[in-house]
Amino acid sequence: MQDIIDRLEMLRVGASLGGGQARIDAQHARGKLTARERLEALMDPGSFEEMDLFVEHNCTDFGMDENHIAGDGVVTGVGLIYGRRVFAFSQDFTVFGGSLSEANARKICKIMDMAMKVGSPVVGLNDSGGARIQEGVASLAGYAEVFQRNVLASGVIPQISAIMGPCAGGAVYSPALTDFIMMVKDTSYMFLTGPEVVKTVTHEDVSAEQLGGAVTHSTRSGVADFAYENDLVLLKQLRRLLAFLPSSNRDTPPRIDSGDDPKRRIYSLDNLVPNDPQRPYDMKELVAKVVDNGDFMEIQAGYAKNIIIGLARLDGRSVGIIANQPMVLAGCLDIASSIKAARFVRFCDCFHIPLITFVDVPGFLPGLQQELGGIIKHGAKLLFAYAEATVPKVTVITRKAYGGAYDVMSSKHLRGDLNYAWPNAEIAVMGPKGAAEIIFRNEIKASANPEAKLKEVTAAYAANFANPFIAARKGFIDDVIMPHDTRMRVIRGLQTLEGKQLSLPWKKHDNLPL
């Protein structure tokens with residue numbers, strides 16, 4: 001018996017070394033942790049249980065029959081994060097470059113199937129050279145098996161991808177199908193075709209960082225939701241992200257005692273919005289002051305900055321925050337911001353996370369580029385997302401809500417549950433000056449002093465629409481609230497809406513305007 005125990009221990013030690021100490025040292029030299037070190041940092045101490053430690057590939061071509069390493073380039077298993085069960089796989093770049101084989105894919109699929117059965121999140125720590133070339137179509141089939149499970153798990157359990165090394169070709173599509181993508185600056189990359197192929201085909205000279213680095217994808221393409229300085233920071237923030245989320249669509253997000261008074265008034269908000277309607281202000285200041293302890297986890301912070309999205313807590317409850325940002329493009333909605341916000345709204349709706357929307361929007365961004373880019377259809381995605389969402393929806397208009405953008409930003413007409421406005425809010429088809437120029441065009445032209453006449457009629461229009469009371473009289477606004485009461489009123493609204501249920505017409509699925 002002792003011989004068997006000794007052999008088992010030897011096999012475990014061998015498997016834990018992956019591709020060997022030299023390759024582990026090379027991984028560290030690149031500023032990267034190994035697959036197992038990442039899992040140790042991610043999970044609660046001592047909680048990770050590895051599965052399929054002894055799995056090996058079954059390829060016999062190109063000398064692979066003489067090259068077997070236990071685990072076959074991916075570590076899979078289950079552990080705890082803040083005491084809650086989470087399944088994870090971590091690709092081991094020290095073993096065949098972390099490349100995906102048929103056996104490797106089976107390991108990943110096994111934990112994904114188990115996660116869906118029991119209702120737990122799946123985390124993928126990606127560090128792979130892609131499909132294992134020696135296995136040909138078998139490795140491609142393995143990717144497709146993973147993709148299928150990503151699709152089946154979508155909206156059922158949270159799926160988070162951490163890109164912690166290269167991720168190329170078909171390997172990028174599994175992360176793209178998950179809910180969030182995190183990347184590490186300077187050491188992680190995502191692209192369908194690498195720099196060499198791009199140069200051959202298009203004659204463009206680009207670096208891996210320019211083509212698919214963390215900064216590129218978190219600021220220009222919008223593919224990545226987060227970009228961090230190193231592996232450890234990413235893993236810490238991944239734990240933080242999961243703390244906001246439920247384990248599955250059968251659960252509600254965990255509620256904590258934040259210690260922040262739900263009746264706290266914030267008198268500095270009374271002076272947040274400038275008197276000059278043309279002057280911007282930072283909507284992030286409002287968000288930080290309203291949420292519990294100022295703890296706001298912003299998502300896609302570097303991309304489409306004219307809209308802010310992220311997760312926070314109010315009275316200990318997880319909420320999704322969507323807010324126009326007057327500091328960028330005056331808070332206009334454009335193609336990128338509409339897609340960014342729409343995806344986030346749909347994610348929150350999947351997992352019972354209430355939506356809190358702060359509105360200061362002058363409209364959709366005009367211009368030839370936007371129209372040719374399909375702003376009509378892309379803007380409709382955000383409209384569609386809000387309209388289909390059944391979670392509690394609380395909206396606060398802080399300054400202006402003009403035109404179709406008023407409708408889109410979680411208005412009462414899209415089944416907004418509670419819609420509030422600050423006393424200075426303007427809700428209209430357009431701003432007073434522009435509206436007056438159209439409505440009173442003839443009077444202005446006929447006037448002896450057109451400039452004075454324009455001021456007069458603009459003031460008349462503003463008296464009617466540059467306030468929230470017309471909308472309130474029609475029931476489109478539930479109440480006009482003081483800015484300093486915003487936190488208290490939103491929390492009360494969430495309490496009122498707790499247990500909300502909404503019946504929908506039967507359908508196989510909707511047809512989102514993609």
# chains A, B, ... in the order shown; residues from 1 in each chain; ligands from 1
call {"tool": "residues_around", "arguments": {"residues": "range 349-364 of chain A", "least_positions_apart": "5", "cutoff": "6 Å", "atoms": "only C-alpha atoms", "output": "list of chain:residue names"}}
result
A:Gly155, A:Asn249, A:Thr252, A:Val319, A:Gly320, A:Ile321, A:Ile322, A:Ala323, A:Asn324, A:Gly331, A:Cys332, A:Leu333, A:Asp334, A:Ala389, A:Val391, A:Pro392, A:Lys393, A:Val394, A:Thr395, A:Val396, A:Ile397, A:Thr398, A:Arg399, A:Lys400, A:Ala401, A:Tyr402, A:Gly403, A:Ala405
call {"tool": "write_last_selection", "arguments": {"atoms": "N, CA and C atoms", "output": "compact mmCIF listing (two decimals), in the first residue's frame"}}
result
# COMPACT_ATOMS: atom_id res chain seq x y z
N GLY A 155 -26.58 33.63 -19.31
CA GLY A 155 -27.81 33.99 -18.61
C GLY A 155 -28.23 33.00 -17.56
N ASN A 249 -28.84 32.23 -12.08
CA ASN A 249 -30.10 32.96 -12.29
C ASN A 249 -31.22 32.45 -11.38
N THR A 252 -30.55 35.35 -5.93
CA THR A 252 -30.40 36.80 -5.96
C THR A 252 -28.99 37.14 -5.49
N VAL A 319 -26.54 46.55 -7.14
CA VAL A 319 -27.29 47.27 -8.17
C VAL A 319 -26.39 47.52 -9.37
N GLY A 320 -27.01 47.64 -10.53
CA GLY A 320 -26.29 48.04 -11.73
C GLY A 320 -26.54 49.52 -11.97
N ILE A 321 -25.47 50.28 -12.16
CA ILE A 321 -25.56 51.72 -12.38
C ILE A 321 -25.32 52.03 -13.85
N ILE A 322 -26.22 52.81 -14.45
CA ILE A 322 -26.03 53.32 -15.81
C ILE A 322 -26.22 54.83 -15.73
N ALA A 323 -25.28 55.60 -16.25
CA ALA A 323 -25.37 57.05 -16.11
C ALA A 323 -24.73 57.75 -17.30
N ASN A 324 -25.41 58.75 -17.83
CA ASN A 324 -24.79 59.60 -18.86
C ASN A 324 -23.69 60.42 -18.22
N GLY A 331 -22.58 63.97 -22.81
CA GLY A 331 -23.45 62.88 -22.38
C GLY A 331 -24.33 62.31 -23.48
N CYS A 332 -24.07 62.70 -24.72
CA CYS A 332 -24.84 62.17 -25.86
C CYS A 332 -24.71 60.64 -25.93
N LEU A 333 -25.75 60.02 -26.45
CA LEU A 333 -25.67 58.60 -26.78
C LEU A 333 -25.13 58.46 -28.20
N ASP A 334 -24.18 57.56 -28.39
CA ASP A 334 -23.68 57.26 -29.73
C ASP A 334 -23.66 55.74 -29.89
N ALA A 389 -36.23 44.48 -19.89
CA ALA A 389 -35.76 44.18 -18.54
C ALA A 389 -36.93 44.11 -17.55
N VAL A 391 -36.27 43.42 -14.09
CA VAL A 391 -35.80 43.73 -12.74
C VAL A 391 -36.31 45.10 -12.31
N PRO A 392 -36.28 45.43 -11.03
CA PRO A 392 -36.64 46.78 -10.60
C PRO A 392 -35.81 47.84 -11.32
N LYS A 393 -36.48 48.90 -11.78
CA LYS A 393 -35.80 49.96 -12.52
C LYS A 393 -36.14 51.31 -11.88
N VAL A 394 -35.12 51.99 -11.39
CA VAL A 394 -35.29 53.31 -10.77
C VAL A 394 -34.45 54.31 -11.56
N THR A 395 -35.09 55.39 -11.97
CA THR A 395 -34.44 56.39 -12.84
C THR A 395 -34.47 57.76 -12.18
N VAL A 396 -33.36 58.48 -12.27
CA VAL A 396 -33.27 59.84 -11.75
C VAL A 396 -32.75 60.75 -12.85
N ILE A 397 -33.57 61.75 -13.26
CA ILE A 397 -33.13 62.73 -14.25
C ILE A 397 -32.51 63.90 -13.49
N THR A 398 -31.22 64.13 -13.72
CA THR A 398 -30.50 65.13 -12.95
C THR A 398 -30.50 66.51 -13.60
N ARG A 399 -30.51 66.56 -14.94
CA ARG A 399 -30.51 67.88 -15.59
C ARG A 399 -31.39 67.90 -16.82
N LYS A 400 -31.06 67.14 -17.85
CA LYS A 400 -31.87 67.21 -19.07
C LYS A 400 -32.09 65.82 -19.64
N ALA A 401 -33.22 65.68 -20.29
CA ALA A 401 -33.56 64.44 -20.99
C ALA A 401 -34.33 64.86 -22.23
N TYR A 402 -33.63 64.89 -23.35
CA TYR A 402 -34.20 65.44 -24.59
C TYR A 402 -34.46 64.34 -25.61
N GLY A 403 -35.51 64.55 -26.37
CA GLY A 403 -35.78 63.75 -27.56
C GLY A 403 -35.93 62.27 -27.28
N ALA A 405 -33.72 60.17 -26.80
CA ALA A 405 -32.82 59.70 -25.74
C ALA A 405 -33.53 59.68 -24.39
call {"tool": "residues_around", "arguments": {"residues": "range 465-472 of chain A", "least_positions_apart": "3", "cutoff": "12 Å", "atoms": "only C-alpha atoms", "output": "ChimeraX atom specification"}}
result
/A:277,396-402,406,411-413,418-433,435-436,458-462,475-481
call {"tool": "write_last_selection", "arguments": {"atoms": "C-alpha atoms", "output": "mmCIF file, in the first residue's frame"}}
result
data_model
loop_
_atom_site.group_PDB
_atom_site.id
_atom_site.type_symbol
_atom_site.label_atom_id
_atom_site.label_comp_id
_atom_site.auth_asym_id
_atom_site.auth_seq_id
_atom_site.Cartn_x
_atom_site.Cartn_y
_atom_site.Cartn_z
ATOM 1 C CA PRO A 277 -26.709 74.477 -18.873
ATOM 2 C CA VAL A 396 -33.274 59.840 -11.749
ATOM 3 C CA ILE A 397 -33.130 62.734 -14.254
ATOM 4 C CA THR A 398 -30.504 65.135 -12.948
ATOM 5 C CA ARG A 399 -30.507 67.883 -15.593
ATOM 6 C CA LYS A 400 -31.868 67.205 -19.068
ATOM 7 C CA ALA A 401 -33.563 64.444 -20.987
ATOM 8 C CA TYR A 402 -34.196 65.443 -24.586
ATOM 9 C CA TYR A 406 -35.299 60.578 -22.954
ATOM 10 C CA SER A 411 -38.241 56.168 -19.101
ATOM 11 C CA LYS A 412 -41.633 55.434 -17.561
ATOM 12 C CA HIS A 413 -42.816 54.411 -21.025
ATOM 13 C CA LEU A 418 -39.935 54.651 -10.323
ATOM 14 C CA ASN A 419 -38.867 57.748 -12.230
ATOM 15 C CA TYR A 420 -37.641 60.778 -10.330
ATOM 16 C CA ALA A 421 -36.326 64.169 -11.420
ATOM 17 C CA TRP A 422 -34.332 66.892 -9.719
ATOM 18 C CA PRO A 423 -36.088 70.305 -9.595
ATOM 19 C CA ASN A 424 -33.864 71.774 -12.323
ATOM 20 C CA ALA A 425 -34.498 68.886 -14.768
ATOM 21 C CA GLU A 426 -35.592 69.634 -18.328
ATOM 22 C CA ILE A 427 -37.680 67.038 -20.167
ATOM 23 C CA ALA A 428 -38.517 68.020 -23.722
ATOM 24 C CA VAL A 429 -38.085 67.219 -27.397
ATOM 25 C CA MET A 430 -35.017 69.487 -27.477
ATOM 26 C CA GLY A 431 -33.401 72.397 -25.657
ATOM 27 C CA PRO A 432 -35.424 75.637 -25.243
ATOM 28 C CA LYS A 433 -33.391 77.690 -27.733
ATOM 29 C CA ALA A 435 -37.222 74.470 -29.969
ATOM 30 C CA ALA A 436 -38.029 78.200 -29.969
ATOM 31 C CA THR A 458 -36.934 80.954 -25.666
ATOM 32 C CA ALA A 459 -37.808 82.110 -22.162
ATOM 33 C CA ALA A 460 -41.483 81.362 -22.839
ATOM 34 C CA TYR A 461 -40.670 77.834 -24.015
ATOM 35 C CA ALA A 462 -38.312 77.290 -21.075
ATOM 36 C CA GLY A 475 -47.463 60.886 -14.422
ATOM 37 C CA PHE A 476 -44.276 60.343 -16.441
ATOM 38 C CA ILE A 477 -42.267 61.409 -13.373
ATOM 39 C CA ASP A 478 -43.299 59.899 -10.045
ATOM 40 C CA ASP A 479 -41.820 62.674 -7.938
ATOM 41 C CA VAL A 480 -39.576 65.713 -8.060
ATOM 42 C CA ILE A 481 -36.918 65.138 -5.415
#
call {"tool": "select_by_dssp", "arguments": {"residues": "range 68-310 of chain A", "states": "alpha helix (DSSP H)", "output": "PyMOL selection string"}}
result
chain A and resi 102-118+137-153+173-177+195-202+208-212+214-216+231-244+283-290
call {"tool": "residues_around", "arguments": {"residues": "Leu269 in chain A", "least_positions_apart": "2", "cutoff": "10 Å", "atoms": "only C-alpha atoms", "output": "number ranges by chain"}}
result
A: 265-267, 271-273, 285-286, 289-290, 482-486
call {"tool": "write_last_selection", "arguments": {"atoms": "C-alpha atoms", "output": "short mmCIF file (atom, residue, chain, number, x, y, z; two decimals), in the first residue's frame"}}
result
data_model
loop_
_atom_site.label_atom_id
_atom_site.label_comp_id
_atom_site.auth_asym_id
_atom_site.auth_seq_id
_atom_site.Cartn_x
_atom_site.Cartn_y
_atom_site.Cartn_z
CA ARG A 265 -28.46 62.87 2.94
CA ILE A 266 -25.82 64.32 0.61
CA TYR A 267 -26.14 68.11 0.66
CA ASN A 271 -24.69 72.24 -5.94
CA LEU A 272 -23.44 69.53 -8.31
CA VAL A 273 -25.25 70.71 -11.45
CA GLU A 285 -19.12 62.27 -8.33
CA LEU A 286 -22.87 61.70 -8.03
CA LYS A 289 -21.65 59.85 -3.22
CA VAL A 290 -24.91 57.93 -3.60
CA MET A 482 -34.19 67.23 -3.87
CA PRO A 483 -30.71 66.14 -4.96
CA HIS A 484 -29.59 65.60 -1.36
CA ASP A 485 -32.37 63.02 -0.92
CA THR A 486 -31.35 60.95 -3.95
#
call {"tool": "select_by_dssp", "arguments": {"residues": "range 16-167 of chain A", "states": "strand (DSSP E or B)", "output": "PyMOL selection string"}}
result
chain A and resi 49-51+74-81+84-91+100+122-126+131+159-163+166-167
call {"tool": "residues_around", "arguments": {"residues": "Asp257 in chain A", "least_positions_apart": "4", "cutoff": "10 Å", "atoms": "only C-alpha atoms", "output": "PyMOL selection string"}}
result
chain A and resi 292+315-317
call {"tool": "closest_residue", "arguments": {"among": "A:Pro280, A:Pro195, A:Pro253, A:Pro366", "to": "Cys348 in chain A", "atoms": "only C-alpha atoms"}}
result
A:Pro253
call {"tool": "atom_distance", "arguments": {"atom1": "CA of Ser248 in chain A", "atom2": "CA of Ser120 in chain A"}}
result
5.8 Å
